[in-house]
>>> print(open('coords.txt').read())   # compact mmCIF, C-alpha atoms
# COMPACT_ATOMS: atom_id res chain seq x y z
CA MET A 1 95.41 53.07 60.50
CA LYS A 2 93.75 53.62 63.88
CA ARG A 3 90.49 54.40 62.07
CA VAL A 4 90.64 51.16 60.10
CA MET A 5 91.31 49.23 63.32
CA LEU A 6 88.35 50.92 65.04
CA LEU A 7 85.96 49.91 62.29
CA ILE A 8 87.38 46.37 62.12
CA CYS A 9 87.00 45.96 65.88
CA CYS A 10 83.44 47.22 65.67
CA CYS A 11 82.69 44.69 62.93
CA LEU A 12 84.17 41.88 65.02
CA VAL A 13 81.94 42.85 67.94
CA LEU A 14 78.73 43.16 65.93
CA LEU A 15 79.21 40.28 63.49
CA PRO A 16 78.51 37.53 66.05
CA ALA A 17 75.31 39.34 67.01
CA ALA A 18 74.18 39.43 63.40
CA GLN A 19 75.02 35.74 62.95
CA HIS A 20 73.07 34.91 66.11
CA LEU A 21 70.03 36.82 64.84
CA CYS A 22 70.13 35.00 61.49
CA ALA A 23 70.40 31.67 63.27
CA GLN A 24 67.43 32.54 65.47
CA GLU A 25 65.33 33.49 62.42
CA GLU A 26 66.17 30.20 60.69
CA LYS A 27 65.28 28.25 63.81
CA THR A 28 61.96 30.08 64.13
CA SER A 29 61.10 29.38 60.48
CA ALA A 30 61.88 25.69 60.91
CA GLN A 31 59.72 25.37 64.00
CA GLY A 32 56.79 27.26 62.54
CA ALA A 33 54.68 29.92 64.23
CA ARG A 34 54.59 29.81 68.01
CA PRO A 35 51.79 30.87 70.36
CA ALA A 36 51.45 34.60 70.99
CA GLU A 37 52.17 34.08 74.69
CA ALA A 38 55.58 32.57 73.90
CA GLN A 39 56.43 35.34 71.46
CA ALA A 40 55.53 38.00 74.04
CA LYS A 41 58.02 36.51 76.50
CA GLU A 42 60.93 36.71 74.07
CA GLU A 43 63.80 38.98 75.04
CA PRO A 44 64.41 42.10 72.92
CA LYS A 45 66.99 41.44 70.23
CA VAL A 46 70.02 43.30 68.98
CA THR A 47 69.31 45.21 65.77
CA GLY A 48 71.74 47.06 63.60
CA SER A 49 72.75 48.42 60.25
CA ALA A 50 75.82 48.85 58.08
CA SER A 51 76.05 51.25 55.19
CA THR A 52 78.39 53.04 52.82
CA THR A 53 77.60 56.45 51.35
CA PHE A 54 79.30 57.84 48.24
CA LEU A 55 79.21 61.64 47.89
CA THR A 56 80.45 64.36 45.57
CA GLN A 57 81.43 66.48 48.61
CA TYR A 58 81.50 66.23 52.41
CA ILE A 59 79.47 69.02 54.01
CA TRP A 60 78.78 69.20 57.75
CA ARG A 61 76.54 71.90 59.23
CA GLY A 62 77.09 73.91 56.07
CA TYR A 63 80.90 73.74 56.20
CA GLU A 64 82.77 72.31 53.20
CA TYR A 65 85.26 69.66 54.27
CA GLY A 66 86.74 68.93 50.86
CA LYS A 67 85.78 69.43 47.22
CA GLU A 68 86.28 68.04 43.70
CA SER A 69 86.70 64.44 44.84
CA LEU A 70 84.73 61.30 45.63
CA VAL A 71 83.92 60.95 49.33
CA ILE A 72 83.23 57.56 50.92
CA GLN A 73 81.51 57.37 54.31
CA PRO A 74 81.16 53.94 56.01
CA TYR A 75 78.78 53.45 58.94
CA LEU A 76 78.17 50.65 61.42
CA GLY A 77 75.69 50.71 64.31
CA ALA A 78 73.78 48.47 66.69
CA SER A 79 70.94 48.92 69.21
CA TYR A 80 69.63 46.94 72.18
CA LYS A 81 66.80 47.91 74.55
CA GLY A 82 67.09 51.56 73.57
CA PHE A 83 70.89 51.74 73.87
CA SER A 84 72.83 52.36 70.66
CA ALA A 85 76.45 52.54 69.57
CA SER A 86 77.76 53.51 66.15
CA PHE A 87 80.90 54.35 64.21
CA TRP A 88 80.99 56.64 61.17
CA GLY A 89 83.96 57.46 58.97
CA ASN A 90 84.98 59.81 56.16
CA ILE A 91 87.39 58.90 53.36
CA ASP A 92 88.32 61.71 50.96
CA THR A 93 89.83 60.16 47.83
CA ASP A 94 91.62 63.38 46.79
CA GLU A 95 91.82 66.10 49.45
CA HIS A 96 91.48 69.73 48.36
CA ALA A 97 91.44 72.81 50.59
CA THR A 98 88.34 74.98 51.00
CA GLN A 99 87.72 78.16 52.97
CA ASN A 100 86.48 75.88 55.80
CA PHE A 101 89.06 73.12 55.50
CA VAL A 102 92.84 72.60 55.52
CA PRO A 103 93.56 69.00 54.39
CA ASP A 104 96.00 66.77 56.23
CA ARG A 105 97.09 65.08 52.95
CA PRO A 106 96.63 67.61 50.10
CA GLY A 107 96.02 65.98 46.74
CA ARG A 108 96.00 62.49 48.26
CA LYS A 109 93.53 60.01 49.70
CA SER A 110 92.88 60.36 53.43
CA PHE A 111 90.77 58.50 55.98
CA ASN A 112 90.48 61.76 57.87
CA GLU A 113 87.63 61.31 60.35
CA VAL A 114 85.95 58.71 62.55
CA ASP A 115 83.05 59.61 64.85
CA MET A 116 81.75 57.42 67.67
CA THR A 117 78.23 57.89 69.05
CA LEU A 118 76.68 56.39 72.18
CA SER A 119 73.01 57.07 72.95
CA TYR A 120 69.84 56.00 74.70
CA THR A 121 66.30 56.43 73.32
CA HIS A 122 62.98 56.14 75.11
CA SER A 123 59.57 56.41 73.46
CA TRP A 124 56.08 57.24 74.67
CA ASN A 125 53.53 56.54 71.93
CA SER A 126 54.51 58.98 69.15
CA LEU A 127 57.07 60.94 71.18
CA SER A 128 60.70 59.84 71.47
CA LEU A 129 63.61 61.33 73.42
CA THR A 130 67.27 60.55 72.80
CA ALA A 131 70.30 61.55 74.86
CA GLY A 132 73.78 60.87 73.59
CA TYR A 133 77.51 61.49 73.40
CA MET A 134 79.62 61.99 70.26
CA TYR A 135 83.38 61.82 69.89
CA TYR A 136 84.94 63.38 66.75
CA ASP A 137 88.37 62.00 65.82
CA THR A 138 89.59 64.27 63.01
CA ASP A 139 92.98 64.64 61.30
CA PHE A 140 92.23 68.09 59.87
CA ALA A 141 91.10 69.75 63.13
CA PRO A 142 91.43 69.23 66.90
CA GLU A 143 89.48 66.27 68.23
CA THR A 144 86.34 67.26 70.10
CA GLU A 145 83.29 65.91 71.95
CA GLU A 146 79.61 66.75 72.09
CA LEU A 147 76.63 65.90 74.25
CA TYR A 148 73.19 66.07 72.69
CA ILE A 149 69.50 65.56 73.35
CA ALA A 150 66.86 65.10 70.66
CA ALA A 151 63.06 65.06 70.69
CA GLY A 152 61.10 63.56 67.82
CA TYR A 153 57.39 63.23 67.13
CA ASP A 154 55.97 60.63 64.77
CA ILE A 155 53.54 62.70 62.71
CA ILE A 156 53.66 63.83 59.09
CA GLY A 157 57.02 65.50 58.52
CA LYS A 158 58.52 63.60 61.49
CA PRO A 159 59.91 66.75 63.15
CA THR A 160 63.03 66.27 65.26
CA PHE A 161 64.62 69.01 67.34
CA THR A 162 68.18 68.39 68.55
CA VAL A 163 70.40 70.41 70.89
CA TYR A 164 74.17 69.80 70.77
CA ARG A 165 76.73 71.06 73.26
CA ASP A 166 80.45 70.95 72.42
CA ILE A 167 82.36 70.23 75.62
CA ALA A 168 85.94 70.22 74.31
CA ALA A 169 87.64 72.10 71.45
CA TYR A 170 84.81 74.40 70.30
CA PRO A 171 82.58 75.25 73.30
CA GLY A 172 79.17 76.28 72.11
CA TRP A 173 75.61 75.23 71.30
CA TYR A 174 74.15 74.04 68.01
CA PHE A 175 70.38 73.70 67.54
CA ASN A 176 68.88 71.78 64.63
CA LEU A 177 65.33 71.20 63.39
CA GLY A 178 64.98 68.27 61.01
CA LEU A 179 62.00 67.24 58.89
CA SER A 180 61.52 64.14 56.74
CA HIS A 181 58.78 62.20 55.00
CA SER A 182 58.59 59.30 52.56
CA PHE A 183 55.96 58.74 49.88
CA PRO A 184 55.30 55.43 48.11
CA VAL A 185 56.13 55.65 44.40
CA TYR A 186 56.08 52.16 42.91
CA GLN A 187 55.70 48.88 44.78
CA GLU A 188 58.19 49.26 47.69
CA ILE A 189 60.13 52.18 46.20
CA THR A 190 59.69 55.47 48.10
CA LEU A 191 60.37 59.12 47.42
CA ASP A 192 62.19 60.56 50.43
CA LEU A 193 62.10 64.29 51.18
CA GLY A 194 63.86 66.09 54.01
CA ALA A 195 65.08 69.42 55.32
CA SER A 196 67.13 70.74 58.22
CA PHE A 197 67.79 74.17 59.72
CA GLY A 198 70.57 75.02 62.17
CA PHE A 199 71.38 77.77 64.65
CA GLU A 200 74.94 78.18 66.02
CA TYR A 201 75.66 79.85 69.37
CA GLY A 202 79.36 80.02 70.19
CA THR A 203 80.42 80.43 73.81
CA GLY A 204 84.16 79.70 73.73
CA SER A 205 86.95 82.02 72.59
CA TYR A 206 87.27 80.05 69.35
CA TRP A 207 84.05 81.67 68.09
CA LYS A 208 85.26 85.30 68.20
CA THR A 209 84.34 87.07 64.95
CA TYR A 210 86.42 89.21 62.63
CA ARG A 211 86.83 92.86 63.65
CA SER A 212 88.11 95.32 61.03
CA SER A 213 89.57 97.67 63.65
CA THR A 214 92.04 95.02 64.83
CA GLY A 215 92.35 93.06 61.59
CA GLY A 216 91.78 89.81 63.42
CA TYR A 217 89.25 87.58 65.16
CA THR A 218 88.70 89.69 68.25
CA GLY A 219 85.02 90.59 67.85
CA SER A 220 81.92 89.28 69.59
CA LYS A 221 81.36 85.53 69.62
CA TYR A 222 79.57 84.17 66.58
CA SER A 223 75.88 83.31 66.89
CA GLY A 224 73.02 83.23 64.43
CA PHE A 225 70.90 81.22 62.06
CA HIS A 226 73.53 79.10 60.39
CA ASP A 227 72.87 76.43 57.77
CA GLY A 228 69.91 75.07 55.84
CA MET A 229 69.58 71.92 53.76
CA PHE A 230 66.92 70.43 51.47
CA LYS A 231 67.16 66.79 50.44
CA ALA A 232 65.34 64.56 47.95
CA GLY A 233 65.99 60.95 47.02
CA PHE A 234 64.62 57.47 46.58
CA THR A 235 64.83 54.25 48.57
CA VAL A 236 65.00 51.22 46.31
CA PRO A 237 64.81 47.88 48.19
CA VAL A 238 66.97 45.16 46.66
CA THR A 239 66.18 42.52 49.27
CA LYS A 240 64.38 42.59 52.62
CA GLN A 241 67.59 43.79 54.29
CA LEU A 242 69.48 45.56 51.49
CA SER A 243 68.50 48.89 49.91
CA ILE A 244 70.01 51.53 47.62
CA GLN A 245 69.25 55.22 48.17
CA PRO A 246 70.28 57.79 45.52
CA PHE A 247 69.78 61.38 46.67
CA GLY A 248 70.62 65.03 46.19
CA GLN A 249 71.16 67.82 48.73
CA TYR A 250 71.06 71.60 48.49
CA TRP A 251 72.94 73.46 51.26
CA PHE A 252 72.64 77.18 51.86
CA PRO A 253 73.35 79.86 54.53
CA LEU A 254 70.43 80.92 56.73
CA SER A 255 71.61 84.45 57.52
CA ASN A 256 73.93 87.24 56.42
CA LYS A 257 76.23 86.38 59.31
CA ALA A 258 76.61 82.82 58.07
CA LYS A 259 77.55 83.86 54.51
CA LYS A 260 79.55 87.00 55.39
CA LYS A 261 83.05 87.19 53.91
CA VAL A 262 86.03 89.22 55.05
CA ASP A 263 88.90 89.47 52.52
CA GLY A 264 88.00 86.05 51.14
CA ASN A 265 87.57 84.51 54.56
CA GLY A 266 84.56 84.22 56.82
CA TYR A 267 83.34 86.64 59.44
CA ASN A 268 82.74 83.38 61.30
CA PRO A 269 86.19 81.99 62.34
CA ALA A 270 85.31 78.59 60.84
CA GLY A 271 84.65 80.21 57.45
CA TYR A 272 81.57 81.28 55.59
CA ILE A 273 78.73 79.14 54.22
CA ARG A 274 77.72 79.21 50.58
CA ASP A 275 75.14 77.55 48.35
CA ARG A 276 76.21 74.04 47.34
CA VAL A 277 74.59 71.07 45.62
CA VAL A 278 75.74 67.59 46.63
CA GLY A 279 74.84 64.28 45.02
CA GLY A 280 75.23 60.84 46.50
CA VAL A 281 74.08 57.26 46.88
CA ASN A 282 73.79 55.21 50.06
CA VAL A 283 73.94 51.40 50.16
CA ALA A 284 72.43 50.12 53.43
CA PHE A 285 72.12 46.69 55.05
CA THR A 286 70.01 46.07 58.17
CA PHE A 287 70.17 43.09 60.52
>>> encode(input="coords.txt", output="structure tokens")
Amino acid sequence: MKRVMLLICCCLVLLPAAQHLCAQEEKTSAQGARPAEAQAKEEPKVTGSASTTFLTQYIWRGYEYGKESLVIQPYLGASYKGFSASFWGNIDTDEHATQNFVPDRPGRKSFNEVDMTLSYTHSWNSLSLTAGYMYYDTDFAPETEELYIAAGYDIIGKPTFTVYRDIAAYPGWYFNLGLSHSFPVYQEITLDLGASFGFEYGTGSYWKTYRSSTGGYTGSKYSGFHDGMFKAGFTVPVTKQLSIQPFGQYWFPLSNKAKKKVDGNGYNPAGYIRDRVVGGVNVAFTF
């Protein structure tokens, strides 16, 4: 219930902003084009987006958080003068355990996660830097928090390198390189390709690895090339603000450490990573 209330509150905050933007656009259209000098003096406006993603499985950094059920992930975000705030949720329609995941409501529907992100982005020509804070409210694991910084460069492939630092339940570093590019296919429809590669470096006691001599997680702290992902999909505009994006993802381990098993469990205390294919569709609205 608290997750539903969070998203409702967020909607109530952002809805007036969206209505104000629409009213401003209508007023501008009625008045006709204005001189460039007047347009230059206009204050920056609030922008935002709302979306819902439907997936065959929820995978995060290679870990499987559910299987064999429809997953629904709502998102709502807004930005103003470089500052952004967003809420993201995960609804598993039929929770099933995996080697990474113990469900809070086995065999039932669960709104089991809401993440809040606050960030600031500044750009210099093609380079952009973002610093932010993420709060993970999860029912299936201890709540935790992360700080992160990301650098992106607007060239072909749009490379983005992000460094995350968990400052609560799972102290450690996670490094991720992301790539993406879109190609026009037909009219305004685009083919969207992407990839990401992660490196995990655990620093807290949670990350101790399995040691056969003790039969428990008492070994050195887990670190290594972790998860990889390739993605392909399409963006199909329905209106100027509404689009539909079907896509597929292929997840895989990046090292022997990441995929190593010990008696059915992972050498990594959070479980092992295996090859998985995920399908989904995203419905997005921008304002």
>>> residues_around(input="coords.txt", residues="Ile189 (chain A)", least_positions_apart="3", cutoff="12 Å", atoms="all atoms listed in the file", output="PDB file with C-alpha atoms, in the frame of the given file")
ATOM      1  CA  SER A 182      58.590  59.300  52.560  1.00  0.00           C
ATOM      2  CA  PHE A 183      55.960  58.740  49.880  1.00  0.00           C
ATOM      3  CA  PRO A 184      55.300  55.430  48.110  1.00  0.00           C
ATOM      4  CA  VAL A 185      56.130  55.650  44.400  1.00  0.00           C
ATOM      5  CA  TYR A 186      56.080  52.160  42.910  1.00  0.00           C
ATOM      6  CA  ASP A 192      62.190  60.560  50.430  1.00  0.00           C
ATOM      7  CA  GLY A 233      65.990  60.950  47.020  1.00  0.00           C
ATOM      8  CA  PHE A 234      64.620  57.470  46.580  1.00  0.00           C
ATOM      9  CA  THR A 235      64.830  54.250  48.570  1.00  0.00           C
ATOM     10  CA  VAL A 236      65.000  51.220  46.310  1.00  0.00           C
ATOM     11  CA  PRO A 237      64.810  47.880  48.190  1.00  0.00           C
ATOM     12  CA  VAL A 238      66.970  45.160  46.660  1.00  0.00           C
ATOM     13  CA  THR A 239      66.180  42.520  49.270  1.00  0.00           C
ATOM     14  CA  SER A 243      68.500  48.890  49.910  1.00  0.00           C
ATOM     15  CA  ILE A 244      70.010  51.530  47.620  1.00  0.00           C
ATOM     16  CA  GLN A 245      69.250  55.220  48.170  1.00  0.00           C
ATOM     17  CA  PRO A 246      70.280  57.790  45.520  1.00  0.00           C
TER      18      PRO A 246
END
>>> closest_residue(input="coords.txt", among="A:Ala195, A:Leu179, A:Tyr136, A:Glu200", to="Ile167 (chain A)", atoms="only C-alpha atoms")
A:Tyr136
>>> residues_around(input="coords.txt", residues="Thr218 (chain A)", least_positions_apart="5", cutoff="7 Å", atoms="all atoms listed in the file", output="list of chain:residue names")
A:Lys208, A:Thr209, A:Tyr210, A:Arg211
>>> residues_near_point(input="coords.txt", point="(91.2, 69.8, 54.7)", cutoff="6 Å", atoms="only C-alpha atoms", output="PyMOL selection string")
chain A and resi 65-66+97+101-104+140
>>> closest_residue(input="coords.txt", among="A:Gly279, A:Gly157, A:Gly82, A:Gly271", to="Lys257 (chain A)", atoms="all atoms listed in the file")
A:Gly271
>>> residues_around(input="coords.txt", residues="Ser86 (chain A)", least_positions_apart="3", cutoff="7 Å", atoms="all atoms listed in the file", output="count of residues only")
6
>>> residues_around(input="coords.txt", residues="Glu146 (chain A)", least_positions_apart="6", cutoff="12 Å", atoms="all atoms listed in the file", output="list in words")
Asp115, Met116, Thr117, Leu118, Ser119, Ala131, Gly132, Tyr133, Met134, Tyr135, Tyr136, Asp137, Val163, Tyr164, Arg165, Asp166, Ile167, Ala168, Ala169, Tyr170, Pro171, Gly172, Trp173 and Tyr174 of chain A
>>> closest_residue(input="coords.txt", among="A:Phe252, A:Tyr201, A:Tyr80, A:Tyr217", to="Asn265 (chain A)", atoms="all atoms listed in the file")
A:Tyr217
>>> atom_distance(input="coords.txt", atom1="CA of Thr138 (chain A)", atom2="CA of Tyr222 (chain A)")
22.6 Å
>>> atom_distance(input="coords.txt", atom1="CA of Ala270 (chain A)", atom2="CA of Tyr63 (chain A)")
8.0 Å
>>> decode(input="coords.txt", residues="region 81-204 of chain A", atoms="C-alpha atoms", output="compact mmCIF listing (two decimals), in the first residue's frame")
# COMPACT_ATOMS: atom_id res chain seq x y z
CA LYS A 81 16.96 23.11 -14.85
CA GLY A 82 19.03 19.94 -14.68
CA PHE A 83 17.43 18.62 -11.49
CA SER A 84 15.41 15.40 -11.78
CA ALA A 85 13.25 13.24 -9.56
CA SER A 86 11.70 9.90 -10.44
CA PHE A 87 9.85 6.92 -9.02
CA TRP A 88 10.05 3.38 -10.43
CA GLY A 89 8.15 0.32 -9.28
CA ASN A 90 8.05 -3.45 -9.82
CA ILE A 91 4.88 -5.55 -9.74
CA ASP A 92 5.35 -9.31 -10.03
CA THR A 93 2.00 -10.87 -10.95
CA ASP A 94 2.98 -14.35 -9.69
CA GLU A 95 6.12 -14.51 -7.54
CA HIS A 96 8.43 -17.51 -7.93
CA ALA A 97 11.75 -18.10 -6.17
CA THR A 98 15.06 -18.13 -8.05
CA GLN A 99 18.62 -18.74 -6.89
CA ASN A 100 18.90 -14.94 -6.50
CA PHE A 101 15.46 -14.24 -5.06
CA VAL A 102 13.22 -15.28 -2.14
CA PRO A 103 9.70 -13.88 -2.78
CA ASP A 104 7.73 -12.10 -0.09
CA ARG A 105 4.41 -13.51 -1.44
CA PRO A 106 5.16 -16.87 -3.14
CA GLY A 107 2.68 -17.74 -5.87
CA ARG A 108 0.85 -14.42 -5.49
CA LYS A 109 0.94 -10.93 -6.93
CA SER A 110 3.26 -8.50 -5.16
CA PHE A 111 4.14 -4.82 -5.57
CA ASN A 112 7.56 -5.67 -4.18
CA GLU A 113 9.80 -2.71 -5.01
CA VAL A 114 9.77 1.07 -5.39
CA ASP A 115 12.94 3.04 -6.17
CA MET A 116 13.30 6.79 -5.82
CA THR A 117 16.03 8.68 -7.70
CA LEU A 118 17.18 12.29 -7.26
CA SER A 119 19.84 13.68 -9.58
CA TYR A 120 21.45 16.70 -11.20
CA THR A 121 22.86 16.83 -14.74
CA HIS A 122 25.14 19.41 -16.33
CA SER A 123 26.24 19.42 -19.95
CA TRP A 124 29.14 20.94 -21.86
CA ASN A 125 28.60 20.58 -25.61
CA SER A 126 28.60 16.78 -26.15
CA LEU A 127 29.72 15.85 -22.62
CA SER A 128 27.26 15.43 -19.75
CA LEU A 129 27.83 14.62 -16.08
CA THR A 130 25.16 13.39 -13.68
CA ALA A 131 25.35 12.94 -9.92
CA GLY A 132 22.55 11.29 -8.04
CA TYR A 133 21.07 9.37 -5.12
CA MET A 134 18.92 6.22 -5.27
CA TYR A 135 16.76 4.71 -2.56
CA TYR A 136 15.66 1.06 -2.99
CA ASP A 137 12.51 0.11 -1.04
CA THR A 138 12.26 -3.68 -1.44
CA ASP A 139 10.05 -6.29 0.26
CA PHE A 140 12.27 -9.24 -0.68
CA ALA A 141 15.57 -7.81 0.63
CA PRO A 142 16.80 -5.14 3.07
CA GLU A 143 16.23 -1.59 1.90
CA THR A 144 19.37 0.13 0.69
CA GLU A 145 20.77 3.35 -0.80
CA GLU A 146 23.26 4.24 -3.49
CA LEU A 147 25.13 7.31 -4.66
CA TYR A 148 26.22 7.46 -8.28
CA ILE A 149 27.98 9.58 -10.86
CA ALA A 150 27.68 9.13 -14.63
CA ALA A 151 29.55 10.58 -17.60
CA GLY A 152 28.06 10.44 -21.08
CA TYR A 153 29.34 11.58 -24.47
CA ASP A 154 27.03 12.31 -27.38
CA ILE A 155 28.77 10.49 -30.22
CA ILE A 156 27.83 7.35 -32.13
CA GLY A 157 27.13 4.63 -29.58
CA LYS A 158 26.39 7.26 -26.90
CA PRO A 159 28.80 5.73 -24.35
CA THR A 160 27.89 6.26 -20.70
CA PHE A 161 30.09 5.20 -17.81
CA THR A 162 28.45 5.08 -14.37
CA VAL A 163 29.93 4.43 -10.92
CA TYR A 164 27.56 3.37 -8.12
CA ARG A 165 28.39 3.20 -4.42
CA ASP A 166 26.07 1.35 -2.01
CA ILE A 167 26.11 3.20 1.31
CA ALA A 168 23.72 1.03 3.33
CA ALA A 169 22.91 -2.70 3.24
CA TYR A 170 25.45 -3.93 0.65
CA PRO A 171 28.58 -1.73 0.82
CA GLY A 172 30.47 -1.92 -2.43
CA TRP A 173 31.07 -0.44 -5.87
CA TYR A 174 29.38 -1.24 -9.16
CA PHE A 175 30.77 0.07 -12.47
CA ASN A 176 28.74 0.02 -15.66
CA LEU A 177 29.48 0.92 -19.28
CA GLY A 178 26.39 1.45 -21.42
CA LEU A 179 26.11 1.86 -25.19
CA SER A 180 23.08 2.72 -27.31
CA HIS A 181 22.19 3.89 -30.79
CA SER A 182 19.02 4.31 -32.83
CA PHE A 183 18.65 3.92 -36.58
CA PRO A 184 15.72 5.22 -38.66
CA VAL A 185 13.73 2.36 -40.18
CA TYR A 186 10.50 3.73 -41.63
CA GLN A 187 9.17 7.28 -41.29
CA GLU A 188 9.58 7.99 -37.53
CA ILE A 189 10.06 4.36 -36.47
CA THR A 190 13.58 3.57 -35.20
CA LEU A 191 15.59 0.44 -34.53
CA ASP A 192 17.16 0.76 -31.08
CA LEU A 193 20.29 -1.20 -30.16
CA GLY A 194 22.06 -1.22 -26.81
CA ALA A 195 24.51 -3.04 -24.58
CA SER A 196 25.83 -2.80 -21.04
CA PHE A 197 28.72 -4.35 -19.11
CA GLY A 198 29.12 -4.35 -15.34
CA PHE A 199 31.90 -4.88 -12.80
CA GLU A 200 31.08 -5.57 -9.12
CA TYR A 201 33.52 -4.79 -6.31
CA GLY A 202 32.20 -5.73 -2.88
CA THR A 203 33.68 -4.05 0.19
CA GLY A 204 31.25 -5.00 2.97
